[in-house]
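Q: Structure file model_33.txt (compact mmCIF, C-alpha atoms) is given on the next line.
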# COMPACT_ATOMS: atom_id res chain seq x y z
CA MET A 9 86.47 119.86 81.52
CA GLU A 10 87.40 122.62 83.94
CA GLY A 11 84.77 123.89 86.35
CA THR A 12 83.09 120.84 87.90
CA ALA A 13 84.66 118.43 90.34
CA PRO A 14 83.60 114.77 90.27
CA PRO A 15 81.05 113.72 92.88
CA ARG A 16 82.03 113.92 96.51
CA ALA A 17 81.81 110.13 96.62
CA ALA A 18 84.74 109.95 94.20
CA TYR A 19 86.88 112.05 96.53
CA ARG A 20 85.89 109.81 99.43
CA ALA A 21 86.76 106.71 97.44
CA ALA A 22 90.11 108.24 96.49
CA MET A 23 91.11 108.82 100.11
CA VAL A 24 89.67 105.54 101.42
CA LEU A 25 91.10 103.30 98.70
CA SER A 26 94.43 105.05 99.04
CA GLY A 27 94.41 103.85 102.64
CA ALA A 28 93.20 100.42 101.59
CA GLY A 29 95.97 100.09 99.03
CA ASP A 30 98.47 101.02 101.70
CA ALA A 31 97.12 98.53 104.25
CA LEU A 32 97.03 95.72 101.69
CA GLY A 33 100.54 96.36 100.41
CA TYR A 34 101.83 96.79 103.95
CA ARG A 35 100.24 93.79 105.70
CA ASN A 36 101.61 95.04 109.01
CA GLN A 37 105.19 95.03 107.62
CA HIS A 38 104.96 91.42 106.35
CA TRP A 39 104.59 92.34 102.68
CA GLU A 40 106.18 95.79 102.68
CA TYR A 41 109.63 94.21 102.86
CA CYS A 42 108.92 90.90 101.11
CA PRO A 43 111.21 90.73 98.04
CA SER A 44 109.04 88.25 96.10
CA GLY A 45 105.80 89.04 94.34
CA PRO A 46 105.06 85.34 93.71
CA GLN A 47 105.43 84.64 97.43
CA ILE A 48 102.99 87.43 98.26
CA HIS A 49 100.48 86.10 95.72
CA ALA A 50 100.81 82.59 97.18
CA GLU A 51 100.17 83.88 100.68
CA LEU A 52 97.24 85.93 99.38
CA ALA A 53 95.70 82.79 97.90
CA GLN A 54 96.06 81.03 101.26
CA LEU A 55 94.13 83.91 102.84
CA GLY A 56 91.27 83.38 100.40
CA GLY A 57 92.19 86.19 98.01
CA LEU A 58 91.21 89.81 98.39
CA GLY A 59 87.70 88.82 99.39
CA GLY A 60 89.11 87.10 102.44
CA ILE A 61 90.91 90.16 103.79
CA ARG A 62 89.36 92.49 106.34
CA ALA A 63 91.69 95.48 106.27
CA ALA A 64 91.53 96.62 109.87
CA PRO A 65 93.82 96.64 112.92
CA PRO A 66 95.50 94.79 114.45
CA ASP A 67 96.44 92.54 111.52
CA TRP A 68 95.93 95.03 108.67
CA PRO A 69 96.67 98.56 109.89
CA VAL A 70 97.63 101.39 107.60
CA SER A 71 101.28 102.41 107.51
CA ASP A 72 102.98 105.75 107.94
CA ASP A 73 102.22 106.36 104.27
CA THR A 74 98.53 106.85 104.96
CA VAL A 75 99.22 108.76 108.17
CA LEU A 76 101.32 111.25 106.20
CA HIS A 77 98.88 111.43 103.30
CA LEU A 78 96.01 112.06 105.71
CA ALA A 79 98.04 114.73 107.49
CA THR A 80 98.72 116.41 104.14
CA ALA A 81 95.03 116.28 103.23
CA GLU A 82 93.98 117.75 106.57
CA ALA A 83 96.58 120.49 106.33
CA LEU A 84 95.43 121.45 102.85
CA ALA A 85 91.83 121.51 104.04
CA THR A 86 92.54 123.76 107.03
CA GLY A 87 94.67 126.42 105.38
CA THR A 88 98.25 125.49 106.16
CA SER A 89 99.01 124.94 102.49
CA GLN A 90 100.45 128.46 102.52
CA LEU A 91 103.49 127.00 104.29
CA GLN A 92 104.17 129.88 106.70
CA PRO A 93 105.42 128.19 109.88
CA GLY A 94 106.49 131.23 111.86
CA GLU A 95 109.69 132.45 110.27
CA PRO A 96 110.54 133.18 106.65
CA GLY A 97 111.82 130.05 104.93
CA GLY A 98 111.69 128.15 108.21
CA TYR A 99 110.16 125.11 106.56
CA ARG A 100 113.05 124.67 104.15
CA ILE A 101 115.92 122.24 104.63
CA PRO A 102 119.22 122.19 102.72
CA PHE A 103 119.69 120.27 99.50
CA ASN A 104 120.40 116.63 100.27
CA PRO A 105 122.02 114.43 97.59
CA SER A 106 120.59 111.34 99.30
CA ALA A 107 116.96 112.56 99.59
CA THR A 108 115.71 110.57 96.63
CA GLY A 109 113.16 108.43 98.49
CA CYS A 110 109.43 108.11 97.90
CA GLY A 111 108.26 109.76 101.12
CA ALA A 112 107.13 112.92 99.35
CA ALA A 113 105.46 111.07 96.48
CA MET A 114 103.34 108.79 98.65
CA ARG A 115 101.70 111.62 100.61
CA SER A 116 100.96 114.16 97.87
CA MET A 117 97.87 112.89 96.06
CA ALA A 118 95.73 115.17 98.21
CA ILE A 119 97.44 118.17 96.62
CA GLY A 120 95.87 117.15 93.32
CA LEU A 121 92.49 116.82 95.02
CA ARG A 122 92.82 120.35 96.38
CA TYR A 123 94.16 122.00 93.19
CA PRO A 124 92.81 119.84 90.36
CA TYR A 125 92.18 122.30 87.52
CA PRO A 126 94.50 123.33 84.67
CA ARG A 127 94.43 126.99 85.70
CA GLU A 128 95.69 125.94 89.14
CA LEU A 129 98.75 124.18 87.74
CA PRO A 130 101.23 126.83 88.98
CA THR A 131 99.82 126.45 92.50
CA LEU A 132 99.94 122.65 92.28
CA ILE A 133 103.58 122.86 91.21
CA ARG A 134 104.49 125.25 94.01
CA ILE A 135 102.72 123.32 96.76
CA SER A 136 103.94 119.89 95.66
CA VAL A 137 107.55 121.03 95.23
CA GLU A 138 107.65 122.93 98.52
CA SER A 139 105.88 120.28 100.57
CA GLY A 140 108.04 117.62 98.92
CA ARG A 141 111.35 119.30 99.62
CA MET A 142 110.41 119.99 103.22
CA THR A 143 111.62 116.41 103.73
CA HIS A 144 113.15 115.35 100.40
CA HIS A 145 115.24 118.20 99.04
CA HIS A 146 116.38 116.44 95.89
CA PRO A 147 114.62 116.53 92.51
CA THR A 148 114.17 112.76 92.41
CA GLY A 149 112.38 113.02 95.75
CA TYR A 150 110.23 116.13 95.43
CA LEU A 151 109.36 115.65 91.76
CA GLY A 152 107.71 112.43 92.89
CA ALA A 153 105.37 114.63 94.91
CA LEU A 154 104.62 116.61 91.77
CA ALA A 155 103.91 113.43 89.79
CA SER A 156 101.51 112.07 92.43
CA ALA A 157 99.69 115.39 92.72
CA LEU A 158 99.56 116.03 88.97
CA PHE A 159 98.25 112.57 88.11
CA THR A 160 95.58 112.95 90.80
CA ALA A 161 94.54 116.24 89.22
CA TYR A 162 94.39 114.51 85.84
CA ALA A 163 92.16 111.83 87.36
CA VAL A 164 89.84 114.52 88.74
CA GLN A 165 89.72 116.10 85.28
CA GLY A 166 88.87 112.73 83.73
CA LEU A 167 91.88 112.65 81.40
CA PRO A 168 92.68 109.18 80.02
CA PRO A 169 95.63 107.70 81.92
CA ALA A 170 97.52 107.14 78.66
CA GLU A 171 97.91 110.93 78.47
CA TRP A 172 99.26 111.45 81.99
CA GLY A 173 102.91 110.59 81.51
CA ALA A 174 103.40 112.91 78.57
CA GLY A 175 101.64 115.62 80.57
CA LEU A 176 104.15 115.16 83.36
CA LEU A 177 107.08 115.61 80.99
CA GLN A 178 105.47 118.77 79.61
CA THR A 179 105.04 120.10 83.17
CA LEU A 180 108.58 119.45 84.39
CA PRO A 181 110.11 122.51 82.67
CA MET A 182 107.64 124.71 84.57
CA ALA A 183 108.70 123.04 87.79
CA GLN A 184 112.36 123.52 86.90
CA ASP A 185 111.76 127.22 86.31
CA TYR A 186 110.01 127.47 89.67
CA VAL A 187 112.86 125.76 91.52
CA ARG A 188 115.47 127.89 89.76
CA ASP A 189 113.56 131.13 90.35
CA THR A 190 113.04 130.54 94.08
CA GLY A 191 116.81 130.63 94.47
CA VAL A 192 117.01 127.89 97.11
CA ASN A 193 120.16 125.85 96.38
CA PRO A 194 119.60 126.24 92.63
CA GLN A 195 122.94 124.83 91.48
CA PRO A 196 122.79 121.37 93.12
CA ASN A 197 119.12 121.11 92.22
CA MET A 198 119.81 121.79 88.56
CA GLU A 199 122.78 119.44 88.55
CA ALA A 200 120.62 116.62 89.94
CA TRP A 201 117.55 117.43 87.84
CA GLY A 202 118.13 115.23 84.82
CA TYR A 203 117.54 111.76 86.25
CA PHE A 204 113.81 112.14 86.87
CA PRO A 205 112.77 113.32 83.38
CA GLN A 206 115.21 110.94 81.72
CA LYS A 207 113.82 107.92 83.59
CA TRP A 208 110.23 108.90 82.92
CA GLY A 209 111.00 109.49 79.26
CA TRP A 210 112.54 106.02 79.08
CA TYR A 211 109.54 104.45 80.79
CA LEU A 212 107.01 106.10 78.48
CA GLY A 213 109.02 104.86 75.52
CA GLU A 214 108.88 101.34 76.93
CA ARG A 215 105.08 101.54 77.21
CA GLY A 216 104.54 103.22 73.84
CA LEU A 217 103.12 106.34 75.51
CA ALA A 218 105.75 108.93 74.61
CA GLU A 219 103.27 110.74 72.35
CA GLY A 220 100.57 110.84 75.01
CA HIS A 221 98.21 108.22 73.62
CA GLY A 222 97.84 104.47 73.83
CA PRO A 223 97.41 101.64 73.72
CA SER A 224 99.90 100.81 76.43
CA ARG A 225 102.51 98.24 75.47
CA PHE A 226 103.33 95.67 78.17
CA PRO A 227 105.80 92.79 78.19
CA SER A 228 104.39 89.31 77.66
CA PRO A 229 104.17 87.46 79.95
CA TYR A 230 103.80 90.04 82.71
CA GLY A 231 102.88 88.07 85.81
CA PRO A 232 104.13 88.56 89.40
CA ALA A 233 107.62 87.18 88.73
CA GLU A 234 108.07 89.16 85.53
CA ARG A 235 106.81 92.34 87.17
CA ASP A 236 109.33 92.00 89.97
CA GLU A 237 112.10 91.98 87.38
CA VAL A 238 110.67 94.82 85.32
CA TYR A 239 109.92 97.00 88.35
CA ARG A 240 113.55 96.67 89.40
CA THR A 241 114.56 98.19 86.07
CA PHE A 242 112.46 101.22 87.03
CA SER A 243 114.34 101.65 90.29
CA LEU A 244 117.28 103.76 91.34
CA GLU A 245 119.11 101.18 93.44
CA GLY A 246 117.22 97.91 92.89
CA TRP A 247 114.44 98.40 95.44
CA ALA A 248 111.36 98.93 93.29
CA GLY A 249 109.11 101.78 94.40
CA ARG A 250 111.59 103.07 96.95
CA SER A 251 112.35 106.34 95.16
CA GLY A 252 110.42 109.44 94.20
CA HIS A 253 110.40 108.66 90.49
CA ASP A 254 109.43 104.99 90.57
CA ALA A 255 106.77 104.86 93.30
CA PRO A 256 104.34 106.83 91.10
CA MET A 257 105.75 105.04 88.04
CA ILE A 258 104.80 101.60 89.37
CA ALA A 259 101.41 102.90 90.52
CA TYR A 260 100.85 104.36 87.04
CA ASP A 261 101.98 101.14 85.36
CA ALA A 262 99.49 99.23 87.50
CA LEU A 263 96.65 101.63 86.72
CA LEU A 264 97.33 101.36 82.99
CA GLY A 265 97.10 97.58 83.14
CA ALA A 266 94.20 97.18 85.56
CA ASP A 267 91.36 98.80 83.60
CA ASP A 268 88.38 98.68 85.98
CA CYS A 269 89.48 95.60 87.97
CA TRP A 270 90.45 96.21 91.62
CA ASP A 271 91.94 92.72 91.91
CA GLU A 272 94.25 93.41 88.99
CA LEU A 273 95.27 96.80 90.36
CA CYS A 274 96.18 95.20 93.68
CA SER A 275 98.06 92.40 91.96
CA ARG A 276 100.21 94.91 90.14
CA ALA A 277 100.52 97.80 92.61
CA MET A 278 100.13 96.29 96.10
CA PHE A 279 101.48 92.75 95.74
CA HIS A 280 105.01 92.92 94.37
CA GLY A 281 108.52 92.49 95.70
CA GLY A 282 109.21 96.19 96.24
CA ASP A 283 107.93 99.07 98.34
CA SER A 284 104.39 97.79 97.94
CA ASP A 285 102.60 99.98 100.48
CA SER A 286 103.98 103.16 98.91
CA THR A 287 102.94 102.14 95.40
CA GLY A 288 99.61 100.90 96.74
CA VAL A 289 98.74 104.11 98.57
CA ILE A 290 99.23 106.07 95.33
CA ALA A 291 97.49 103.66 92.95
CA GLY A 292 94.47 103.22 95.23
CA CYS A 293 93.82 106.96 95.20
CA TRP A 294 93.80 107.21 91.42
CA TRP A 295 91.67 104.10 90.99
CA GLY A 296 89.14 105.38 93.53
CA LEU A 297 88.67 108.63 91.62
CA ALA A 298 87.94 106.74 88.41
CA HIS A 299 85.88 103.85 89.73
CA GLY A 300 84.69 104.59 93.25
CA LEU A 301 84.17 101.62 95.53
CA ALA A 302 82.58 99.47 92.82
CA GLY A 303 84.12 96.04 92.62
CA VAL A 304 86.13 96.44 95.83
CA PRO A 305 85.40 93.79 98.47
CA ALA A 306 83.75 95.49 101.42
CA GLY A 307 86.25 93.95 103.80
CA ASN A 308 89.08 95.77 102.06
CA HIS A 309 87.82 99.17 103.21
CA GLU A 310 84.76 99.21 105.47
CA ALA A 311 86.66 98.94 108.76
CA LEU A 312 89.83 100.66 107.61
CA GLU A 313 91.85 102.49 110.24
CA TYR A 314 91.19 106.26 110.17
CA ARG A 315 88.40 105.82 107.64
CA GLN A 316 86.18 108.52 109.15
CA ARG A 317 89.04 111.02 109.09
CA MET A 318 89.79 110.11 105.48
CA GLU A 319 86.18 110.75 104.49
CA ALA A 320 86.06 114.02 106.43
CA ALA A 321 89.25 115.25 104.75
CA ALA A 322 87.89 114.19 101.36
CA ASP A 323 84.69 116.15 101.97
CA ARG A 324 86.61 119.31 102.89
CA LEU A 325 88.94 119.03 99.89
CA HIS A 326 85.96 118.45 97.61
CA ALA A 327 84.19 121.51 98.96
CA LEU A 328 87.29 123.65 98.49
CA ALA A 329 87.84 122.40 94.95
CA CYS A 330 84.20 123.07 94.09
CA GLY A 331 84.30 126.47 95.72
CA GLU A 332 87.34 127.55 93.74
CA SER A 333 85.96 126.22 90.48
CA ASN A 334 82.68 128.07 91.03
CA PRO A 335 83.67 131.30 92.81
What is this file in structure tokens?

A:
Amino acid sequence: MEGTAPPRAAYRAAMVLSGAGDALGYRNQHWEYCPSGPQIHAELAQLGGLGGIRAAPPDWPVSDDTVLHLATAEALATGTSQLQPGEPGGYRIPFNPSATGCGAAMRSMAIGLRYPYPRELPTLIRISVESGRMTHHHPTGYLGALASALFTAYAVQGLPPAEWGAGLLQTLPMAQDYVRDTGVNPQPNMEAWGYFPQKWGWYLGERGLAEGHGPSRFPSPYGPAERDEVYRTFSLEGWAGRSGHDAPMIAYDALLGADDCWDELCSRAMFHGGDSDSTGVIAGCWWGLAHGLAGVPAGNHEALEYRQRMEAAADRLHALACGESNP
């Protein structure tokens, strides 16, 4: 599979639907902090469903999640991925035992767009870990960046989603070696390392994906109320999608269950009683790579805030990925 990127339109759809997923899950703060998936679905029905939503300011802006993802994409496309800000190690912050949030995970899909091929895996690990721990110097935080980037790369490669989780667990030892070998606060990092792989191993066991193949096994029933309860079991402190491990986990869970249906993806990833814009921004990117804009109501994306910048960044990342795959 290595050597040819998907069409440029797929990269554009990945960036644009990432923003759309963010805006829908955010609803200008109304749904980002709503603790009830059933309430969100009821309000969505009153709005006429997804087809009744025009995701555009002032009522449906993107959140900081898209702003940060777009900034990451633009940085990667203009050469600052080398992370040399003027003084050696100046971008690094100390280990922080509380830096377990999802802020690194929700902005790192573009890293997978830039470095999507198996031979680039060491670079993807380095960039995602270093960019992640610039703000979230804790394995639960920055390994979320790795998961978002790696799964995006898998989507570019066309790997079946059922294989992604096992691939992540196989990649984590490489990331652990990298973090240990860089010598930046190695002891607290290693002491805090175990939670992320343990939680992902548990999740893959729950879904029947520990061996890297499906079919996925979901609870029954698994509607909005049931998902709220299950997503909380993914979480670190009861706020589903809040942390680096479970924001990509919920997005992945939604992708596995949505097939090629945008409405179903949104129901699972954007409309739940957790950090719904962060899970939506991740899931929308992966879905866009696989399916493009097909089946997505035009109002969900055509007037999206920053859309032109998203498309421009997607074009530059696509050109760089193609250039590196065909030197």

Q: Residues within 9 Å of (112.6, 92.1, 97.3), file coordinates, counting only C-alpha atoms: what are they? Give the list as a ChimeraX atom specification.

A: /A:41-45,236,246-248,280-283

Q: Can you tell me how far atom CA of A:Gly231 sits from atom CA of A:Asp267, in Å to one decimal?

A: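 Atom CA of A:Asp267 lies 15.9 Å from atom CA of A:Gly231.
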
Q: Mind listing whatever residues come within 12 Å of the point (86.5, 97.2, 101.2)? Use all atoms listed in the file, file coordinates, and give them as a PyMOL selection string.

A: chain A and resi 21+24-29+31-32+58-64+270-271+292+296+300-313+315

Q: Just write the chosen residues, C-alpha atoms, as an mmCIF file, in the coordinates of the input.

A:
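Below you can see part_14.cif, which holds the result:
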data_model
loop_
_atom_site.group_PDB
_atom_site.id
_atom_site.type_symbol
_atom_site.label_atom_id
_atom_site.label_comp_id
_atom_site.auth_asym_id
_atom_site.auth_seq_id
_atom_site.Cartn_x
_atom_site.Cartn_y
_atom_site.Cartn_z
ATOM 1 C CA ALA A 21 86.760 106.710 97.440
ATOM 2 C CA VAL A 24 89.670 105.540 101.420
ATOM 3 C CA LEU A 25 91.100 103.300 98.700
ATOM 4 C CA SER A 26 94.430 105.050 99.040
ATOM 5 C CA GLY A 27 94.410 103.850 102.640
ATOM 6 C CA ALA A 28 93.200 100.420 101.590
ATOM 7 C CA GLY A 29 95.970 100.090 99.030
ATOM 8 C CA ALA A 31 97.120 98.530 104.250
ATOM 9 C CA LEU A 32 97.030 95.720 101.690
ATOM 10 C CA LEU A 58 91.210 89.810 98.390
ATOM 11 C CA GLY A 59 87.700 88.820 99.390
ATOM 12 C CA GLY A 60 89.110 87.100 102.440
ATOM 13 C CA ILE A 61 90.910 90.160 103.790
ATOM 14 C CA ARG A 62 89.360 92.490 106.340
ATOM 15 C CA ALA A 63 91.690 95.480 106.270
ATOM 16 C CA ALA A 64 91.530 96.620 109.870
ATOM 17 C CA TRP A 270 90.450 96.210 91.620
ATOM 18 C CA ASP A 271 91.940 92.720 91.910
ATOM 19 C CA GLY A 292 94.470 103.220 95.230
ATOM 20 C CA GLY A 296 89.140 105.380 93.530
ATOM 21 C CA GLY A 300 84.690 104.590 93.250
ATOM 22 C CA LEU A 301 84.170 101.620 95.530
ATOM 23 C CA ALA A 302 82.580 99.470 92.820
ATOM 24 C CA GLY A 303 84.120 96.040 92.620
ATOM 25 C CA VAL A 304 86.130 96.440 95.830
ATOM 26 C CA PRO A 305 85.400 93.790 98.470
ATOM 27 C CA ALA A 306 83.750 95.490 101.420
ATOM 28 C CA GLY A 307 86.250 93.950 103.800
ATOM 29 C CA ASN A 308 89.080 95.770 102.060
ATOM 30 C CA HIS A 309 87.820 99.170 103.210
ATOM 31 C CA GLU A 310 84.760 99.210 105.470
ATOM 32 C CA ALA A 311 86.660 98.940 108.760
ATOM 33 C CA LEU A 312 89.830 100.660 107.610
ATOM 34 C CA GLU A 313 91.850 102.490 110.240
ATOM 35 C CA ARG A 315 88.400 105.820 107.640
#

Q: From the set A:Leu158, A:Gly87, A:Ala218, A:Pro223, which residue has the shortest atom-to-atom contact distance to A:Thr179, counting only C-alpha atoms?

A: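 Among A:Leu158, A:Gly87, A:Ala218, A:Pro223, it is A:Leu158 that comes nearest to A:Thr179.
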
Q: Interatomic distance between atom CA of A:Glu319 and atom CA of A:Gly175?

A: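 Between atom CA of A:Glu319 and atom CA of A:Gly175 the gap is 28.9 Å.
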
Q: Name the closest residue to A:Gly252 among the candidates A:Asn197, A:Gln165, A:Thr86, A:Ser116; distances are taken between atoms, counting all atoms listed in the file.

A: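 The closest residue to A:Gly252 is A:Ser116.
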
Q: Have a look at atom CA of A:Ser243 and atom CA of A:Gly57 and let me know their distance in Å, one decimal.

A: 28.1 Å

Q: When distances are computed from all atoms listed in the file, which of A:Leu212, A:Ala255, A:Met117, A:Ile48 shows the smallest separation from A:Gly33?

A: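 Of A:Leu212, A:Ala255, A:Met117, A:Ile48, the one nearest A:Gly33, counting all atoms listed in the file, is A:Ile48.
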